Amino acid sequence: DSVDIDLRINPDFMGTSITNNAEIVADGGDDQDSTPNDEDGSTPDEEDDNVIEINGDDDYDPEVIEVEQPCVNPALTPLTSESICLGASFTATNVTTSVTNSIPVTYQWFDNNGTDNPGTNALPGQNTNVLTALPTSVGEYAYLVEATNTMDGTCTSSESVTLIIYANPTVTLDGVTTICEGESALLTAIPPIGIGVNFAWTVPSGAVNPGDIPGFSTNVEGTYTVQVTDVNGCTV
């Protein structure tokens, strides 16, 4: 005859094994005791009807089977990679994550094989959802944050981010600073070698602004300044 098994899950059970926490109810049919027969070949006692022994424990009248809840990985908000120029600051929200599924967690930040922070070392003191040990030198850095479920350390999630700091350009103004009346001076901004360099001049009253060029001639007395912006958006 067939036997119906009643399986129920206790949502409060968070153990690591169903040993001593599982009960199976067999509804109808013949004796279902899983205990081996006695050496003399006798069958189980009638009082064991419809009871399945769990891991060799003594038989008892079951009503509910309690099964380990599956491990739940934390769900994290993503991090945002960012590049800045030397002397600027990274945006705090770009290196901040949070759990969106209400799982209790602990955090740990790691190096993540960045160009200028190779390896996967755990960062001392970086145990919150925000990375505070931010780089300050020119380079490319990669980081990873790992969140671990405090109810089960085998359940983890991670997010990664890359932070880049560019060097600021340098520029030299070249030209004669003293001229005679009727003469002109050639002013030249000598930028770093590279593409994508833009020039923004400020000239005194009466002089013609040359626009986005590295050099020009002028015969108007006064102070001339130039701002150079490189391909990374960094200025000097």
# chains A, B, ... in the order shown; residues from 1 in each chain; ligands from 1
call {"tool": "residues_around", "arguments": {"residues": "Thr148 (chain A)", "least_positions_apart": "6", "cutoff": "9 Å", "atoms": "only C-alpha atoms", "output": "PyMOL selection string"}}
result
chain A and resi 73-74+104-108+154-158
call {"tool": "residues_around", "arguments": {"residues": "region 181-189 of chain A", "least_positions_apart": "5", "cutoff": "9 Å", "atoms": "only C-alpha atoms", "output": "PyMOL selection string"}}
result
chain A and resi 171-176+199+213-220+224+226+228
call {"tool": "write_last_selection", "arguments": {"atoms": "all heavy atoms", "output": "tab-separated table (two decimals), in the first residue's frame"}}
result
chain	number	residue	atom	x	y	z
A	171	VAL	N	52.51	73.26	-16.99
A	171	VAL	CA	52.64	74.17	-18.12
A	171	VAL	C	53.69	75.22	-17.80
A	171	VAL	O	53.86	75.63	-16.64
A	171	VAL	CB	51.28	74.85	-18.44
A	171	VAL	CG1	50.82	75.73	-17.30
A	171	VAL	CG2	51.37	75.64	-19.74
A	172	THR	N	54.40	75.62	-18.83
A	172	THR	CA	55.42	76.66	-18.69
A	172	THR	C	55.11	77.77	-19.68
A	172	THR	O	54.85	77.50	-20.87
A	172	THR	CB	56.82	76.09	-18.97
A	172	THR	OG1	57.09	75.02	-18.07
A	172	THR	CG2	57.87	77.18	-18.81
A	173	LEU	N	55.12	79.01	-19.22
A	173	LEU	CA	54.94	80.15	-20.11
A	173	LEU	C	56.31	80.64	-20.58
A	173	LEU	O	57.21	80.89	-19.77
A	173	LEU	CB	54.21	81.28	-19.40
A	173	LEU	CG	52.68	81.19	-19.39
A	173	LEU	CD1	52.11	82.37	-18.59
A	173	LEU	CD2	52.14	81.22	-20.81
A	174	ASP	N	56.43	80.72	-21.89
A	174	ASP	CA	57.71	81.13	-22.47
A	174	ASP	C	57.49	82.40	-23.28
A	174	ASP	O	56.47	82.55	-23.97
A	174	ASP	CB	58.26	80.02	-23.36
A	174	ASP	CG	59.65	80.36	-23.87
A	174	ASP	OD1	60.40	81.04	-23.14
A	174	ASP	OD2	59.98	79.94	-25.00
A	175	GLY	N	58.43	83.32	-23.19
A	175	GLY	CA	58.33	84.54	-23.98
A	175	GLY	C	59.06	85.68	-23.33
A	175	GLY	O	59.36	85.67	-22.13
A	176	VAL	N	59.36	86.72	-24.11
A	176	VAL	CA	60.02	87.93	-23.61
A	176	VAL	C	59.02	88.72	-22.79
A	176	VAL	O	57.88	88.96	-23.21
A	176	VAL	CB	60.55	88.78	-24.78
A	176	VAL	CG1	61.18	90.07	-24.25
A	176	VAL	CG2	61.54	87.98	-25.60
A	199	PHE	N	43.49	75.15	-24.07
A	199	PHE	CA	44.07	76.36	-23.48
A	199	PHE	C	42.98	77.41	-23.30
A	199	PHE	O	42.16	77.62	-24.20
A	199	PHE	CB	45.17	76.92	-24.38
A	199	PHE	CG	46.27	75.94	-24.67
A	199	PHE	CD1	46.18	75.07	-25.75
A	199	PHE	CD2	47.40	75.89	-23.88
A	199	PHE	CE1	47.20	74.16	-26.01
A	199	PHE	CE2	48.42	74.99	-24.13
A	199	PHE	CZ	48.31	74.11	-25.21
A	213	ILE	N	44.52	78.22	-28.17
A	213	ILE	CA	45.78	77.98	-28.86
A	213	ILE	C	46.90	78.08	-27.85
A	213	ILE	O	46.76	78.73	-26.81
A	213	ILE	CB	46.02	78.97	-30.03
A	213	ILE	CG1	46.05	80.41	-29.50
A	213	ILE	CG2	44.95	78.80	-31.11
A	213	ILE	CD1	46.42	81.44	-30.56
A	214	PRO	N	48.04	77.44	-28.11
A	214	PRO	CA	49.13	77.44	-27.12
A	214	PRO	C	49.93	78.74	-27.08
A	214	PRO	O	50.62	78.99	-26.08
A	214	PRO	CB	50.01	76.28	-27.57
A	214	PRO	CG	49.75	76.14	-29.02
A	214	PRO	CD	48.31	76.51	-29.23
A	215	GLY	N	49.91	79.56	-28.12
A	215	GLY	CA	50.74	80.75	-28.11
A	215	GLY	C	50.25	81.82	-29.06
A	215	GLY	O	49.49	81.54	-30.00
A	216	PHE	N	50.67	83.07	-28.82
A	216	PHE	CA	50.25	84.18	-29.69
A	216	PHE	C	51.17	85.37	-29.41
A	216	PHE	O	51.90	85.40	-28.41
A	216	PHE	CB	48.80	84.57	-29.43
A	216	PHE	CG	48.54	85.09	-28.05
A	216	PHE	CD1	48.39	86.46	-27.83
A	216	PHE	CD2	48.44	84.24	-26.95
A	216	PHE	CE1	48.15	86.95	-26.56
A	216	PHE	CE2	48.20	84.72	-25.68
A	216	PHE	CZ	48.05	86.08	-25.47
A	217	SER	N	51.11	86.35	-30.29
A	217	SER	CA	51.89	87.58	-30.15
A	217	SER	C	51.01	88.70	-29.62
A	217	SER	O	49.81	88.78	-29.96
A	217	SER	CB	52.50	88.00	-31.49
A	217	SER	OG	53.44	87.04	-31.93
A	218	THR	N	51.60	89.56	-28.81
A	218	THR	CA	50.86	90.69	-28.28
A	218	THR	C	51.81	91.85	-28.03
A	218	THR	O	53.00	91.67	-27.81
A	218	THR	CB	50.15	90.31	-26.96
A	218	THR	OG1	49.41	91.45	-26.49
A	218	THR	CG2	51.16	89.90	-25.90
A	219	ASN	N	51.25	93.08	-28.10
A	219	ASN	CA	52.03	94.27	-27.76
A	219	ASN	C	51.32	95.11	-26.71
A	219	ASN	O	51.63	96.29	-26.53
A	219	ASN	CB	52.33	95.09	-29.01
A	219	ASN	CG	51.06	95.56	-29.70
A	219	ASN	OD1	49.94	95.32	-29.23
A	219	ASN	ND2	51.21	96.23	-30.84
A	220	VAL	N	50.36	94.48	-25.99
A	220	VAL	CA	49.61	95.17	-24.95
A	220	VAL	C	50.21	94.83	-23.60
A	220	VAL	O	50.38	93.65	-23.25
A	220	VAL	CB	48.12	94.79	-25.00
A	220	VAL	CG1	47.37	95.46	-23.86
A	220	VAL	CG2	47.51	95.16	-26.35
A	224	TYR	N	49.16	88.26	-18.31
A	224	TYR	CA	48.54	87.21	-19.12
A	224	TYR	C	48.61	85.88	-18.33
A	224	TYR	O	49.65	85.55	-17.76
A	224	TYR	CB	49.27	87.03	-20.45
A	224	TYR	CG	49.18	88.22	-21.36
A	224	TYR	CD1	49.97	89.36	-21.14
A	224	TYR	CD2	48.31	88.23	-22.45
A	224	TYR	CE1	49.89	90.46	-21.98
A	224	TYR	CE2	48.23	89.32	-23.30
A	224	TYR	CZ	49.01	90.44	-23.06
A	224	TYR	OH	48.94	91.54	-23.90
A	226	VAL	N	47.18	81.60	-18.37
A	226	VAL	CA	46.62	80.55	-19.20
A	226	VAL	C	46.28	79.35	-18.31
A	226	VAL	O	47.01	79.02	-17.38
A	226	VAL	CB	47.59	80.11	-20.32
A	226	VAL	CG1	48.88	79.54	-19.75
A	226	VAL	CG2	46.91	79.12	-21.26
A	228	VAL	N	45.45	75.32	-18.54
A	228	VAL	CA	45.57	74.17	-19.43
A	228	VAL	C	44.76	73.01	-18.86
A	228	VAL	O	44.88	72.69	-17.67
A	228	VAL	CB	47.06	73.76	-19.59
A	228	VAL	CG1	47.17	72.50	-20.45
A	228	VAL	CG2	47.86	74.90	-20.21
call {"tool": "closest_residue", "arguments": {"among": "A:Gln227, A:Asn112, A:Thr177, A:Thr170", "to": "Trp201 (chain A)", "atoms": "only C-alpha atoms"}}
result
A:Gln227
call {"tool": "closest_residue", "arguments": {"among": "A:Val95, A:Val145, A:Asn198, A:Val203", "to": "Glu159 (chain A)", "atoms": "only C-alpha atoms"}}
result
A:Val145
call {"tool": "residues_around", "arguments": {"residues": "Asn129 (chain A)", "least_positions_apart": "4", "cutoff": "7 Å", "atoms": "only C-alpha atoms", "output": "list in words"}}
result
Thr96, Thr97, Ser98 and Tyr107 of chain A
call {"tool": "atom_distance", "arguments": {"atom1": "CA of Ala200 (chain A)", "atom2": "CA of Asp230 (chain A)"}}
result
11.7 Å
call {"tool": "closest_residue", "arguments": {"among": "A:Val138, A:Ala147, A:Val231, A:Leu86", "to": "Ser160 (chain A)", "atoms": "only C-alpha atoms"}}
result
A:Ala147
call {"tool": "closest_residue", "arguments": {"among": "A:Gly222, A:Gly206, A:Pro135, A:Gly211", "to": "Ala88 (chain A)", "atoms": "only C-alpha atoms"}}
result
A:Pro135
call {"tool": "atom_distance", "arguments": {"atom1": "CA of Gly153 (chain A)", "atom2": "CA of Cys71 (chain A)"}}
result
9.2 Å
call {"tool": "closest_residue", "arguments": {"among": "A:Ile179, A:Thr136, A:Asn232, A:Phe110", "to": "Pro124 (chain A)", "atoms": "only C-alpha atoms"}}
result
A:Phe110
call {"tool": "closest_residue", "arguments": {"among": "A:Ser102, A:Thr93, A:Thr128, A:Glu82", "to": "Tyr141 (chain A)", "atoms": "only C-alpha atoms"}}
result
A:Glu82
